[in-house]
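Participant: My questions all concern the structure below.
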Amino acid sequence: MAEIEGGGGGHHKKGGKPHGKKLSTRVDFTPMVDLGFLLITFFMLTTSMNKPKTMEINMPVKKDINIEEITKVKASQAITLLLAENDKIVYYYINEKTGEPETPVITNFSKSGIRETLLSRNKELLDRANHNNYDSIPILKEMFRLNQIPKQEMIDRIFAIKSNPSALIVVIKADDKAKYKNLVDILDEMLICNIGRYAIVDITPIEQELIKTAMAVKP
Amino acid sequence: MPKVKIPRKSTSVDMTAMTDVAFLLLTFFMLATQFKPEEPVTINAPSSVAEVPLPDKDMMTITISNDGRVFFEIQEQQYKAALIKNVGKIHNITFTPEEVKTFTLMSSFGVPLNQLKSLLAVSTTERSKFIQTGIPSDSLNNELADWIWQSRLINNKVRVAIKGDQDANFPVVKQVIATLQDKNVNRFNFITNLSTETVENK
């Protein structure tokens with residue numbers, strides 16, 4: 001493969017005068033190509049093409065936090081998710097009449113777990129309030145993709161759906177044994193289930209007990 | 001009948017075109033590559049469906065390792081010198097010009113201020129062996145708050161990104177978030193990997 005073309009040397013005729021043989025101007029490029037591809041391979045492997053993605057979080061301004069009030073007022077709409085250890089979620093509703101928490105339920109991060117709960121509960125609440133456009137977010141996105149509506153309109157309409165006053169309100173409380181992954185996962189579920197109103201709140205000792213008892217009943 | 005002679009063809013191929021392509025690709029990859037700065041810990045970020053790309057500039061990154069250590073980094077080199085001087089001033093530590101220079105070239109770091117001088121003293125190659133204990137972020141000695149606050153004073157456009165390992169314990173994350181909120185940073189980003197799962201159209 002790597003032969004040298006036109007290069008003289010050692011091929012003169014016996015006794016003949018080495019008279020100016022015309023040298024070919026062609027150079028063999030094979031080693032150069034080898035080197036080129038070697039470097040390409042190196043750069044291809046070191047390049048990370050996909051940039052890291054981010055998830056934006058807005059926390060309330062500290063002095064304005066009054067979650068107690070929110071949960072009291074909107075008890076019927078709220079769901080409290082307690083992130084427990086071993087990727088488990090304990091959730092409970094607050095009874096509208098008594099104001100007491102109902103029996104907690106243990107679930108997980110799977111598709112049929114918390115997502116199912118959030119979606120069906122949200123649907124139930126919105127159906128009851130007769131806002132049945134909750135599932136039109138993907139449709140709006142598709143319409144924007146097909147250039148049927150301008151971007152601003154899509155953003156506005158999605159915002160209107162997400163901030164629907166009768167939609168589900170999620171209160172997220174992470175236990176000390178929870179992992180960072182659980183927090184990101186649950187925020188991801190908020191995105192997937194199109195829940196616009198949620199808050200990350202510190203867990204109370206009562207709720208820590210609640211996790212313990214719930215886990216003890218059904219591990 | 002005379003034999004039909006098949007002329008022997010040369011097996012060598014003209015490589016010029018191939019070289020052209022190879023070097024074109026090489027140039028592309030060389031220009032597209034941005035070398036990752038060496039990080040003191042490897043972070044296995046959790047994946048999410050979020051699709052917002054991380055902004056290139058004006059970022060400060062707070063890294064939380066899986067064993068709960070906190071690291072800090074600002075991206076822009078031009079702000080780093082002022083940052084280390086200002087934070088040093090608060091804690092009555094003066095840094096020599098050499099130390100400041102080393103700091104501007106350093107990426108993420110995670111040591112308390114009293115150990116920062118010894119971290120800056122070790123050479124670049126030895127740095128990975130230096131045991132970094134993490135920046136204190138508890139209520140007793142919250143140096144992370146100083147770093148955040150001073151970065152914001154130097155560059156008011158700076159945004160905060162939290163890059164946590166997926167196995168980091170929640171209390172550390174909570175502490176960092178509380179520190180941020182304490183410094184009136186109520187809007188920040190979690191750095192995640194793109195998950196393959198798609199948003200369900202349900």
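Chain identifiers are assigned as A, B, and so on, following the order in which chains appear in the structure tokens; residues are numbered from 1 within each chain, and ligands are numbered from 1 in order of appearance.
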Within 8 Å of chain A, which residues of chain B are there when counting only C-alpha atoms? Please give them as a PyMOL selection string.

Facilitator: chain B and resi 12+14-16+18-19+22-23+25-26+29-30+32-35+46-54+164-171+173+181-182+184+186-194+199-202

Participant: DSSP on the backbone, then: every residue of segment 79-154 of chain A marked alpha helix (DSSP H), written as a PyMOL selection string.

Facilitator: chain A and resi 116-128+137-145+151-154

Participant: Go ahead and write the selection's residues with N, CA and C atoms as a JSON list (two decimals), in the first residue's frame.

Facilitator:
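part11.json written:
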```json
[["chain", "number", "residue", "atom", "x", "y", "z"],
["A", 116, "GLU", "N", -49.85, 7.96, 36.52],
["A", 116, "GLU", "CA", -51.25, 7.58, 36.37],
["A", 116, "GLU", "C", -52.12, 8.34, 37.37],
["A", 117, "THR", "N", -51.64, 8.38, 38.62],
["A", 117, "THR", "CA", -52.38, 9.06, 39.68],
["A", 117, "THR", "C", -52.57, 10.54, 39.36],
["A", 118, "LEU", "N", -51.44, 11.17, 38.98],
["A", 118, "LEU", "CA", -51.50, 12.61, 38.72],
["A", 118, "LEU", "C", -52.40, 12.92, 37.53],
["A", 119, "LEU", "N", -52.26, 12.15, 36.48],
["A", 119, "LEU", "CA", -53.05, 12.41, 35.28],
["A", 119, "LEU", "C", -54.54, 12.22, 35.53],
["A", 120, "SER", "N", -54.88, 11.12, 36.21],
["A", 120, "SER", "CA", -56.31, 10.85, 36.39],
["A", 120, "SER", "C", -56.93, 11.84, 37.37],
["A", 121, "ARG", "N", -56.17, 12.21, 38.39],
["A", 121, "ARG", "CA", -56.69, 13.16, 39.36],
["A", 121, "ARG", "C", -56.89, 14.55, 38.72],
["A", 122, "ASN", "N", -55.91, 14.92, 37.92],
["A", 122, "ASN", "CA", -56.01, 16.22, 37.24],
["A", 122, "ASN", "C", -57.21, 16.24, 36.30],
["A", 123, "LYS", "N", -57.40, 15.15, 35.60],
["A", 123, "LYS", "CA", -58.51, 15.04, 34.66],
["A", 123, "LYS", "C", -59.85, 15.15, 35.40],
["A", 124, "GLU", "N", -59.88, 14.44, 36.52],
["A", 124, "GLU", "CA", -61.09, 14.43, 37.34],
["A", 124, "GLU", "C", -61.46, 15.84, 37.78],
["A", 125, "LEU", "N", -60.44, 16.56, 38.28],
["A", 125, "LEU", "CA", -60.68, 17.91, 38.78],
["A", 125, "LEU", "C", -61.12, 18.84, 37.66],
["A", 126, "LEU", "N", -60.47, 18.72, 36.51],
["A", 126, "LEU", "CA", -60.79, 19.62, 35.41],
["A", 126, "LEU", "C", -62.13, 19.28, 34.79],
["A", 127, "ASP", "N", -62.45, 18.00, 34.76],
["A", 127, "ASP", "CA", -63.76, 17.59, 34.25],
["A", 127, "ASP", "C", -64.87, 18.15, 35.13],
["A", 128, "ARG", "N", -64.60, 18.08, 36.42],
["A", 128, "ARG", "CA", -65.60, 18.56, 37.37],
["A", 128, "ARG", "C", -65.84, 20.06, 37.17],
["A", 137, "ILE", "N", -52.48, 20.37, 25.14],
["A", 137, "ILE", "CA", -51.11, 20.90, 25.03],
["A", 137, "ILE", "C", -50.34, 20.27, 23.86],
["A", 138, "PRO", "N", -50.34, 18.94, 23.74],
["A", 138, "PRO", "CA", -49.65, 18.38, 22.58],
["A", 138, "PRO", "C", -50.25, 18.83, 21.25],
["A", 139, "ILE", "N", -51.56, 19.05, 21.25],
["A", 139, "ILE", "CA", -52.21, 19.51, 20.02],
["A", 139, "ILE", "C", -51.72, 20.91, 19.66],
["A", 140, "LEU", "N", -51.63, 21.77, 20.68],
["A", 140, "LEU", "CA", -51.14, 23.13, 20.44],
["A", 140, "LEU", "C", -49.71, 23.10, 19.91],
["A", 141, "LYS", "N", -48.89, 22.23, 20.50],
["A", 141, "LYS", "CA", -47.50, 22.13, 20.06],
["A", 141, "LYS", "C", -47.43, 21.67, 18.61],
["A", 142, "GLU", "N", -48.31, 20.73, 18.28],
["A", 142, "GLU", "CA", -48.33, 20.21, 16.91],
["A", 142, "GLU", "C", -48.79, 21.31, 15.94],
["A", 143, "MET", "N", -49.79, 22.10, 16.39],
["A", 143, "MET", "CA", -50.27, 23.19, 15.54],
["A", 143, "MET", "C", -49.19, 24.21, 15.29],
["A", 144, "PHE", "N", -48.38, 24.47, 16.33],
["A", 144, "PHE", "CA", -47.27, 25.41, 16.16],
["A", 144, "PHE", "C", -46.25, 24.83, 15.19],
["A", 145, "ARG", "N", -46.03, 23.53, 15.30],
["A", 145, "ARG", "CA", -45.04, 22.89, 14.43],
["A", 145, "ARG", "C", -45.48, 22.98, 12.96],
["A", 151, "LYS", "N", -45.98, 31.40, 17.62],
["A", 151, "LYS", "CA", -45.36, 30.86, 18.82],
["A", 151, "LYS", "C", -45.97, 31.48, 20.08],
["A", 152, "GLN", "N", -46.19, 32.80, 20.03],
["A", 152, "GLN", "CA", -46.70, 33.48, 21.22],
["A", 152, "GLN", "C", -48.07, 32.92, 21.61],
["A", 153, "GLU", "N", -48.87, 32.65, 20.60],
["A", 153, "GLU", "CA", -50.19, 32.12, 20.90],
["A", 153, "GLU", "C", -50.09, 30.76, 21.57],
["A", 154, "MET", "N", -49.17, 29.95, 21.06],
["A", 154, "MET", "CA", -48.98, 28.63, 21.66],
["A", 154, "MET", "C", -48.57, 28.78, 23.13]]
```

Participant: I need the residue nearest Ile114 of chain A from this list: A:Tyr92, A:Leu146, A:Ile158, A:Glu85. Use only C-alpha atoms for the distance.

Facilitator: A:Tyr92

Participant: Give me every strand (DSSP E) residue in segment 110-188 of chain B, going by DSSP on the backbone, as a PDB file with N, CA and C atoms, in the first residue's frame.

Facilitator:
```pdb
ATOM      1  N   ARG B 159     -26.314  33.335  36.274  1.00  0.00           N
ATOM      2  CA  ARG B 159     -27.409  32.422  36.594  1.00  0.00           C
ATOM      3  C   ARG B 159     -26.838  31.202  37.277  1.00  0.00           C
ATOM      4  N   VAL B 160     -27.670  30.568  38.051  1.00  0.00           N
ATOM      5  CA  VAL B 160     -27.186  29.458  38.862  1.00  0.00           C
ATOM      6  C   VAL B 160     -27.644  28.134  38.273  1.00  0.00           C
ATOM      7  N   ALA B 161     -26.729  27.227  38.156  1.00  0.00           N
ATOM      8  CA  ALA B 161     -27.077  25.874  37.741  1.00  0.00           C
ATOM      9  C   ALA B 161     -26.620  24.912  38.826  1.00  0.00           C
ATOM     10  N   ILE B 162     -27.493  24.000  39.175  1.00  0.00           N
ATOM     11  CA  ILE B 162     -27.125  22.977  40.152  1.00  0.00           C
ATOM     12  C   ILE B 162     -26.907  21.682  39.399  1.00  0.00           C
ATOM     13  N   LYS B 163     -25.722  21.142  39.576  1.00  0.00           N
ATOM     14  CA  LYS B 163     -25.395  19.902  38.878  1.00  0.00           C
ATOM     15  C   LYS B 163     -25.199  18.846  39.946  1.00  0.00           C
ATOM     16  N   GLY B 164     -26.223  18.090  40.171  1.00  0.00           N
ATOM     17  CA  GLY B 164     -26.149  17.121  41.249  1.00  0.00           C
ATOM     18  C   GLY B 164     -26.009  15.713  40.714  1.00  0.00           C
ATOM     19  N   ARG B 187     -34.506  31.515  41.265  1.00  0.00           N
ATOM     20  CA  ARG B 187     -34.691  30.912  39.952  1.00  0.00           C
ATOM     21  C   ARG B 187     -33.372  30.281  39.575  1.00  0.00           C
ATOM     22  N   PHE B 188     -33.387  28.980  39.438  1.00  0.00           N
ATOM     23  CA  PHE B 188     -32.133  28.318  39.079  1.00  0.00           C
ATOM     24  C   PHE B 188     -32.424  27.091  38.229  1.00  0.00           C
TER      25      PHE B 188
END
```

Participant: Using atom CA of Ser108 of chain B and atom CA of Phe72 of chain B as the two end points, give the distance in Å to one decimal.

Facilitator: 5.5 Å

Participant: Need to verify the contact set: Arg197 of chain A, 7 Å, only C-alpha atoms, exclusion of same-chain residues closer than 2 positions in sequence. Can you return it as a ChimeraX atom specification?

Facilitator: /A:163,169-170,195,199

Participant: Got time to write the residues from that selection, C-alpha atoms, as a short mmCIF file (atom, residue, chain, number, x, y, z; two decimals), in the first residue's frame?

Facilitator:
```
data_model
loop_
_atom_site.label_atom_id
_atom_site.label_comp_id
_atom_site.auth_asym_id
_atom_site.auth_seq_id
_atom_site.Cartn_x
_atom_site.Cartn_y
_atom_site.Cartn_z
CA SER A 163 -52.40 27.89 35.30
CA ILE A 169 -51.88 21.57 42.90
CA VAL A 170 -48.96 19.40 43.87
CA ILE A 195 -48.94 20.43 35.97
CA ALA A 199 -44.18 23.67 45.18
#
```

Participant: Measuring atom to atom with only C-alpha atoms, identify which of A:Met190, A:Ala129, A:Ile172, A:Ile206 is nearest to Ile89 of chain A.

Facilitator: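 Of A:Met190, A:Ala129, A:Ile172, A:Ile206, the one nearest Ile89 of chain A is A:Ile172, counting only C-alpha atoms.
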
Participant: Using only C-alpha atoms, which residues sit within 12 Å of Thr94 of chain B once same-chain residues fewer than 2 positions away are excluded, as a count of residues only?

Facilitator: 18

Participant: With distances taken over only C-alpha atoms, which residue among B:Ser107, B:Gln75, B:Thr124, B:Ser137 lies nearest Gln175 of chain B?

Facilitator: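 Between B:Ser107, B:Gln75, B:Thr124, B:Ser137, the residue approaching Gln175 of chain B most closely is B:Ser137.
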
Participant: Which of these, A:Arg115, A:Leu23, A:Gly196, A:Thr204, has the shortest distance to Lys173 of chain A once you count only C-alpha atoms?

Facilitator: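 Selected residue with least distance to Lys173 of chain A: A:Thr204.
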
Participant: Between atom CA of Arg69 of chain B and atom CA of Lys212 of chain A, what distance in Å does the model show, to one decimal?

Facilitator: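 Between these atoms lies a distance of 27.9 Å.
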
Participant: If you measure from atom CA of Ile43 of chain B to atom CA of Val111 of chain B, what distance in Å do you get, rounded to one decimal?

Facilitator: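 Separating atom CA of Ile43 of chain B from atom CA of Val111 of chain B is a distance of 17.2 Å.
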